[in-house]
>>> print(open('query-v3.cif').read())   # mmCIF, C-alpha atoms
data_final
#
loop_
_atom_site.group_PDB
_atom_site.id
_atom_site.type_symbol
_atom_site.label_atom_id
_atom_site.label_comp_id
_atom_site.auth_asym_id
_atom_site.auth_seq_id
_atom_site.Cartn_x
_atom_site.Cartn_y
_atom_site.Cartn_z
ATOM 1 C CA MET A 1 -3.968 -15.548 19.698
ATOM 2 C CA THR A 2 -7.044 -17.291 18.288
ATOM 3 C CA GLU A 3 -9.983 -17.495 20.662
ATOM 4 C CA LYS A 4 -10.756 -21.055 21.808
ATOM 5 C CA THR A 5 -13.321 -22.505 24.162
ATOM 6 C CA LEU A 6 -11.963 -23.439 27.581
ATOM 7 C CA LYS A 7 -12.293 -26.977 28.850
ATOM 8 C CA GLN A 8 -15.774 -27.383 30.277
ATOM 9 C CA SER A 9 -14.647 -27.747 33.893
ATOM 10 C CA GLN A 10 -12.448 -24.649 33.648
ATOM 11 C CA SER A 11 -15.163 -22.713 31.830
ATOM 12 C CA ASP A 12 -17.596 -23.566 34.640
ATOM 13 C CA MET A 13 -15.086 -22.380 37.232
ATOM 14 C CA LEU A 14 -14.572 -19.118 35.352
ATOM 15 C CA HIS A 15 -18.351 -18.630 35.235
ATOM 16 C CA THR A 16 -18.481 -19.182 39.001
ATOM 17 C CA LEU A 17 -15.745 -16.610 39.547
ATOM 18 C CA ARG A 18 -17.540 -14.141 37.330
ATOM 19 C CA ALA A 19 -20.766 -14.554 39.291
ATOM 20 C CA GLU A 20 -19.204 -14.637 42.760
ATOM 21 C CA PHE A 21 -17.026 -11.560 42.328
ATOM 22 C CA ARG A 22 -19.323 -9.780 39.856
ATOM 23 C CA LEU A 23 -16.431 -9.340 37.477
ATOM 24 C CA GLU A 24 -16.577 -6.594 34.909
ATOM 25 C CA LYS A 25 -15.859 -7.519 31.300
ATOM 26 C CA SER A 26 -12.295 -6.142 31.373
ATOM 27 C CA VAL A 27 -11.335 -8.419 34.284
ATOM 28 C CA GLU A 28 -13.089 -11.403 32.754
ATOM 29 C CA THR A 29 -11.106 -10.865 29.552
ATOM 30 C CA ALA A 30 -7.866 -10.565 31.534
ATOM 31 C CA LEU A 31 -8.615 -13.856 33.291
ATOM 32 C CA TYR A 32 -9.371 -15.557 29.999
ATOM 33 C CA ASN A 33 -6.011 -14.395 28.633
ATOM 34 C CA PHE A 34 -4.310 -15.930 31.664
ATOM 35 C CA LEU A 35 -6.087 -19.219 31.066
ATOM 36 C CA VAL A 36 -4.698 -19.781 27.577
ATOM 37 C CA ASP A 37 -1.124 -19.704 26.378
ATOM 38 C CA ASP A 38 0.329 -17.720 23.476
ATOM 39 C CA GLU A 39 -0.635 -20.505 21.086
ATOM 40 C CA GLY A 40 -4.263 -20.380 22.177
ATOM 41 C CA GLU A 41 -4.044 -23.669 24.076
ATOM 42 C CA VAL A 42 -5.872 -24.114 27.359
ATOM 43 C CA LEU A 43 -3.743 -24.400 30.498
ATOM 44 C CA SER A 44 -3.432 -27.701 32.269
ATOM 45 C CA ASN A 45 -5.633 -28.170 35.322
ATOM 46 C CA GLN A 46 -2.623 -27.670 37.610
ATOM 47 C CA GLU A 47 -1.650 -24.423 35.877
ATOM 48 C CA PHE A 48 -5.274 -23.325 35.943
ATOM 49 C CA LEU A 49 -5.464 -23.886 39.705
ATOM 50 C CA GLU A 50 -2.310 -21.789 40.171
ATOM 51 C CA VAL A 51 -3.977 -18.949 38.277
ATOM 52 C CA LEU A 52 -7.063 -19.264 40.463
ATOM 53 C CA ARG A 53 -4.914 -19.138 43.611
ATOM 54 C CA ALA A 54 -3.189 -15.995 42.330
ATOM 55 C CA PHE A 55 -6.568 -14.453 41.551
ATOM 56 C CA ASP A 56 -7.861 -15.427 44.985
ATOM 57 C CA ASN A 57 -4.842 -13.714 46.568
ATOM 58 C CA TRP A 58 -5.620 -10.593 44.526
ATOM 59 C CA VAL A 59 -9.217 -10.600 45.796
ATOM 60 C CA VAL A 60 -8.132 -11.131 49.416
ATOM 61 C CA ASN A 61 -5.463 -8.438 49.253
ATOM 62 C CA LYS A 62 -7.223 -5.899 47.050
ATOM 63 C CA ASP A 63 -8.081 -3.751 50.086
ATOM 64 C CA HIS A 64 -4.341 -3.217 50.491
ATOM 65 C CA GLN A 65 -3.882 -1.964 46.939
ATOM 66 C CA PRO A 66 -3.398 1.746 46.269
ATOM 67 C CA ALA A 67 -6.549 3.816 46.718
ATOM 68 C CA PHE A 68 -6.860 6.645 44.231
ATOM 69 C CA ALA A 69 -9.287 9.532 44.524
ATOM 70 C CA VAL A 70 -11.068 11.235 41.661
ATOM 71 C CA GLY A 71 -9.232 14.482 40.939
ATOM 72 C CA GLU A 72 -5.904 13.128 42.235
ATOM 73 C CA TYR A 73 -2.771 13.734 40.158
ATOM 74 C CA ARG A 74 -0.282 10.909 39.567
ATOM 75 C CA ALA A 75 3.039 10.621 37.731
ATOM 76 C CA TYR A 76 4.283 7.560 35.845
ATOM 77 C CA LYS A 77 7.199 7.279 33.409
ATOM 78 C CA ASP A 78 7.546 11.040 32.921
ATOM 79 C CA HIS A 79 3.834 11.433 32.181
ATOM 80 C CA ILE A 80 1.310 13.227 34.373
ATOM 81 C CA TYR A 81 -2.170 11.842 35.018
ATOM 82 C CA LYS A 82 -5.371 13.045 36.633
ATOM 83 C CA ILE A 83 -7.813 10.440 37.946
ATOM 84 C CA THR A 84 -11.237 11.129 36.415
ATOM 85 C CA GLU A 85 -13.108 7.973 37.482
ATOM 86 C CA ASP A 86 -12.365 5.269 40.055
ATOM 87 C CA HIS A 87 -14.252 1.994 39.659
ATOM 88 C CA GLU A 88 -13.864 -1.332 41.406
ATOM 89 C CA THR A 89 -11.667 -2.872 38.744
ATOM 90 C CA TYR A 90 -10.425 0.003 36.627
ATOM 91 C CA ILE A 91 -9.526 3.679 36.640
ATOM 92 C CA CYS A 92 -10.107 6.359 33.997
ATOM 93 C CA CYS A 93 -7.472 9.067 33.611
ATOM 94 C CA ALA A 94 -6.579 12.165 31.668
ATOM 95 C CA GLU A 95 -2.925 12.021 30.589
ATOM 96 C CA LEU A 96 -0.646 14.881 29.591
ATOM 97 C CA VAL A 97 1.482 13.795 26.616
ATOM 98 C CA ASP A 98 3.703 16.300 24.798
ATOM 99 C CA GLY A 99 1.484 19.165 25.916
ATOM 100 C CA VAL A 100 -1.741 17.446 24.813
ATOM 101 C CA LEU A 101 -4.388 16.072 27.179
ATOM 102 C CA ILE A 102 -5.599 12.573 26.291
ATOM 103 C CA SER A 103 -8.481 10.764 28.000
ATOM 104 C CA HIS A 104 -8.059 7.078 28.863
ATOM 105 C CA SER A 105 -10.438 4.418 30.081
ATOM 106 C CA GLY A 106 -8.988 1.006 30.840
ATOM 107 C CA SER A 107 -8.020 -1.648 33.350
ATOM 108 C CA TYR A 108 -5.260 0.363 35.009
ATOM 109 C CA LYS A 109 -5.760 -1.546 38.278
ATOM 110 C CA SER A 110 -4.138 -4.576 36.695
ATOM 111 C CA GLY A 111 -1.346 -2.630 34.991
ATOM 112 C CA GLY A 112 1.979 -0.958 35.706
ATOM 113 C CA PHE A 113 0.470 2.514 36.055
ATOM 114 C CA TYR A 114 -1.732 1.411 38.939
ATOM 115 C CA HIS A 115 1.074 -0.243 40.877
ATOM 116 C CA GLY A 116 4.012 1.921 39.791
ATOM 117 C CA SER A 117 2.717 5.487 39.723
ATOM 118 C CA SER A 118 3.488 8.035 42.423
ATOM 119 C CA PRO A 119 1.795 11.240 43.592
ATOM 120 C CA ALA A 120 2.543 14.125 41.229
ATOM 121 C CA THR A 121 4.743 16.927 42.508
ATOM 122 C CA ALA A 122 3.437 20.474 42.971
ATOM 123 C CA GLU A 123 5.267 21.501 39.795
ATOM 124 C CA GLN A 124 3.737 18.631 37.797
ATOM 125 C CA ILE A 125 0.261 19.490 39.087
ATOM 126 C CA ALA A 126 0.738 23.135 38.101
ATOM 127 C CA THR A 127 1.838 22.036 34.612
ATOM 128 C CA PHE A 128 -1.204 19.775 34.258
ATOM 129 C CA LYS A 129 -3.578 22.556 35.343
ATOM 130 C CA ARG A 130 -2.008 24.911 32.804
ATOM 131 C CA ALA A 131 -2.550 22.235 30.159
ATOM 132 C CA GLU A 132 -6.203 21.977 31.222
ATOM 133 C CA HIS A 133 -6.570 25.735 30.850
ATOM 134 C CA PHE A 134 -5.069 25.700 27.353
ATOM 135 C CA ALA A 135 -7.164 22.659 26.400
ATOM 136 C CA SER A 136 -10.310 24.545 27.437
ATOM 137 C CA LYS A 137 -9.390 27.023 24.705
ATOM 138 C CA GLY A 138 -8.637 24.372 22.116
ATOM 139 C CA ARG A 139 -4.863 24.641 22.450
ATOM 140 C CA LYS A 140 -2.028 22.395 23.545
ATOM 141 C CA LEU A 141 0.104 23.519 26.483
ATOM 142 C CA ASP A 142 1.865 26.860 25.864
ATOM 143 C CA GLU A 143 0.508 27.109 22.325
ATOM 144 C CA PHE A 144 0.341 30.853 21.685
ATOM 145 C CA ARG A 145 -0.683 32.597 18.490
ATOM 146 C CA VAL A 146 -0.520 36.123 17.143
ATOM 147 C CA GLY A 147 -3.573 38.027 18.349
ATOM 148 C CA ASP A 148 -3.841 36.186 21.693
ATOM 149 C CA LYS A 149 -4.173 38.190 24.873
ATOM 150 C CA ILE A 150 -1.889 37.087 27.696
ATOM 151 C CA VAL A 151 -0.846 38.034 31.203
ATOM 152 C CA ILE A 152 2.825 37.846 32.109
ATOM 153 C CA ASP A 153 3.564 36.851 35.695
ATOM 154 C CA GLY A 154 4.708 39.881 37.660
ATOM 155 C CA ILE A 155 3.286 42.380 35.183
ATOM 156 C CA ASP A 156 -0.173 43.718 35.962
ATOM 157 C CA GLU A 157 -1.082 44.352 32.335
ATOM 158 C CA ILE A 158 -2.829 42.450 29.561
ATOM 159 C CA VAL A 159 -0.568 42.040 26.537
ATOM 160 C CA LYS A 160 -1.733 41.346 22.994
ATOM 161 C CA ILE A 161 0.729 39.187 21.043
ATOM 162 C CA GLU A 162 1.931 40.877 17.874
ATOM 163 C CA SER A 163 4.692 38.492 16.818
ATOM 164 C CA LEU A 164 6.073 35.044 17.560
ATOM 165 C CA ARG A 165 9.685 34.478 16.590
ATOM 166 C CA GLY A 166 11.182 31.183 17.654
ATOM 167 C CA SER A 167 10.698 31.009 21.404
ATOM 168 C CA ALA A 168 10.070 34.748 21.875
ATOM 169 C CA ILE A 169 6.742 36.545 22.212
ATOM 170 C CA SER A 170 6.428 40.251 21.502
ATOM 171 C CA GLY A 171 3.411 42.429 22.072
ATOM 172 C CA THR A 172 1.869 45.611 23.385
ATOM 173 C CA SER A 173 -0.086 45.923 26.612
ATOM 174 C CA ASP A 174 -3.427 47.618 27.146
ATOM 175 C CA LEU A 175 -1.438 50.508 28.649
ATOM 176 C CA GLY A 176 0.695 50.893 25.527
ATOM 177 C CA ASN A 177 3.853 49.266 26.909
ATOM 178 C CA SER A 178 5.899 46.927 24.692
ATOM 179 C CA TYR A 179 7.117 43.536 25.930
ATOM 180 C CA SER A 180 9.288 40.738 24.588
ATOM 181 C CA ILE A 181 9.282 37.513 26.587
ATOM 182 C CA SER A 182 11.022 34.154 26.082
ATOM 183 C CA LEU A 183 8.880 31.022 26.278
ATOM 184 C CA LEU A 184 11.875 28.986 27.423
ATOM 185 C CA GLY A 185 12.110 30.404 30.918
ATOM 186 C CA THR A 186 10.273 32.374 33.526
ATOM 187 C CA PRO A 187 8.026 34.225 34.081
ATOM 188 C CA VAL A 188 4.857 32.177 33.605
ATOM 189 C CA ILE A 189 2.656 33.372 30.752
ATOM 190 C CA THR A 190 -1.097 32.837 31.080
ATOM 191 C CA LEU A 191 -3.418 32.732 28.081
ATOM 192 C CA ILE A 192 -6.369 35.039 28.797
ATOM 193 C CA GLN A 193 -8.179 35.197 25.469
ATOM 194 C CA THR A 194 -7.362 33.530 22.170
ATOM 195 C CA ALA A 195 -7.231 35.318 18.836
ATOM 196 C CA GLU A 196 -10.219 33.206 17.766
ATOM 197 C CA GLU A 197 -12.235 34.275 20.802
ATOM 198 C CA LEU A 198 -11.388 37.921 20.157
ATOM 199 C CA GLN A 199 -12.442 37.577 16.521
ATOM 200 C CA GLU A 200 -15.722 35.995 17.566
ATOM 201 C CA VAL A 201 -16.417 38.867 19.964
ATOM 202 C CA GLU A 202 -15.667 41.404 17.229
ATOM 203 C CA ASN A 203 -17.957 39.591 14.772
ATOM 204 C CA ASN A 204 -20.823 39.674 17.281
ATOM 205 C CA GLU A 205 -20.492 43.397 17.936
#
>>> encode(input="query-v3.cif", output="structure tokens")
Amino acid sequence: MTEKTLKQSQSDMLHTLRAEFRLEKSVETALYNFLVDDEGEVLSNQEFLEVLRAFDNWVVNKDHQPAFAVGEYRAYKDHIYKITEDHETYICCAELVDGVLISHSGSYKSGGFYHGSSPATAEQIATFKRAEHFASKGRKLDEFRVGDKIVIDGIDEIVKIESLRGSAISGTSDLGNSYSISLLGTPVITLIQTAEELQEVENNE
């Protein structure tokens, strides 16, 4: 869509809206896109007034829209989100996609995520937190490598990974016990120290 100047009367009204409601740029841009059609033509005055009425209803009813809190976890279309910022017209989120955390900043309050998401389940929250832990070590979720030190749920020993074959991890614990665990099921495996971190420690000694 090519950008065109709105009719002067409509442009003045948009300027008034922007000033009255202290619109942020993202909302102003969204309004502009409503005021022109796919061909870049300006709406008729009647159509323009209908848009203004819809916008006025949004302003009046915005207190009834979902209220998100920073740190809250949400789920939408099989993805898990964590609210990182909550502004008047938009939300910033971290999203877990295929085991990778991605940061977003955008006008979610005018999109499907804002209106269609639901609170994340306890299992989804636990998965997201695990992904945060792996991300803090430069890894995607459940990305293990030979040389990593791990803790296996239910086993009070630290295991150093010696081999990775398909979905199986094999290693020896600090007590000399050997373990072979599948990544496809339980128990939960927690990454304690990466091979890179161990190498760095050894280099500094």
>>> resolve_selection(input="query-v3.cif", expression="the PyMOL selection byres ((chain A and resi 121) around 12)", output="list in words")
Glu72, Tyr73, Arg74, Ala75, Tyr76, Asp78, His79, Ile80, Tyr81, Ser117, Ser118, Pro119, Ala120, Ala122, Glu123, Gln124, Ile125, Ala126, Thr127 and Phe128 of chain A
>>> residues_near_point(input="query-v3.cif", point="(-8.6, 21.6, 29.3)", cutoff="12 Å", atoms="all atoms listed in the file", output="JSON, numbers by chain")
{"A": [82, 94, 95, 96, 99, 100, 101, 102, 103, 127, 128, 129, 130, 131, 132, 133, 134, 135, 136, 137, 138, 139, 140, 141]}
>>> residues_around(input="query-v3.cif", residues="Ala168 (chain A)", least_positions_apart="5", cutoff="8 Å", atoms="all atoms listed in the file", output="list in words")
Ser180, Ile181, Ser182 and Leu183 of chain A
>>> residues_near_point(input="query-v3.cif", point="(6.7, 37.1, 19.4)", cutoff="10 Å", atoms="only C-alpha atoms", output="list in words")
Phe144, Arg145, Val146, Ile161, Glu162, Ser163, Leu164, Arg165, Gly166, Ser167, Ala168, Ile169, Ser170, Gly171, Tyr179, Ser180, Ile181, Ser182 and Leu183 of chain A
>>> write_last_selection(input="query-v3.cif", atoms="C-alpha atoms", output="PDB file, in the coordinates of the input")
ATOM      1  CA  PHE A 144       0.341  30.853  21.685  1.00  0.00           C
ATOM      2  CA  ARG A 145      -0.683  32.597  18.490  1.00  0.00           C
ATOM      3  CA  VAL A 146      -0.520  36.123  17.143  1.00  0.00           C
ATOM      4  CA  ILE A 161       0.729  39.187  21.043  1.00  0.00           C
ATOM      5  CA  GLU A 162       1.931  40.877  17.874  1.00  0.00           C
ATOM      6  CA  SER A 163       4.692  38.492  16.818  1.00  0.00           C
ATOM      7  CA  LEU A 164       6.073  35.044  17.560  1.00  0.00           C
ATOM      8  CA  ARG A 165       9.685  34.478  16.590  1.00  0.00           C
ATOM      9  CA  GLY A 166      11.182  31.183  17.654  1.00  0.00           C
ATOM     10  CA  SER A 167      10.698  31.009  21.404  1.00  0.00           C
ATOM     11  CA  ALA A 168      10.070  34.748  21.875  1.00  0.00           C
ATOM     12  CA  ILE A 169       6.742  36.545  22.212  1.00  0.00           C
ATOM     13  CA  SER A 170       6.428  40.251  21.502  1.00  0.00           C
ATOM     14  CA  GLY A 171       3.411  42.429  22.072  1.00  0.00           C
ATOM     15  CA  TYR A 179       7.117  43.536  25.930  1.00  0.00           C
ATOM     16  CA  SER A 180       9.288  40.738  24.588  1.00  0.00           C
ATOM     17  CA  ILE A 181       9.282  37.513  26.587  1.00  0.00           C
ATOM     18  CA  SER A 182      11.022  34.154  26.082  1.00  0.00           C
ATOM     19  CA  LEU A 183       8.880  31.022  26.278  1.00  0.00           C
TER      20      LEU A 183
END
>>> closest_residue(input="query-v3.cif", among="A:Asp98, A:Glu143, A:Gly112, A:Glu85", to="Leu191 (chain A)", atoms="only C-alpha atoms")
A:Glu143
>>> residues_around(input="query-v3.cif", residues="Gln193 (chain A)", least_positions_apart="3", cutoff="8 Å", atoms="all atoms listed in the file", output="CSV table (one decimal) with C-alpha atoms, in the coordinates of the input")
chain,number,residue,atom,x,y,z
A,148,ASP,CA,-3.8,36.2,21.7
A,149,LYS,CA,-4.2,38.2,24.9
A,150,ILE,CA,-1.9,37.1,27.7
A,197,GLU,CA,-12.2,34.3,20.8
A,198,LEU,CA,-11.4,37.9,20.2
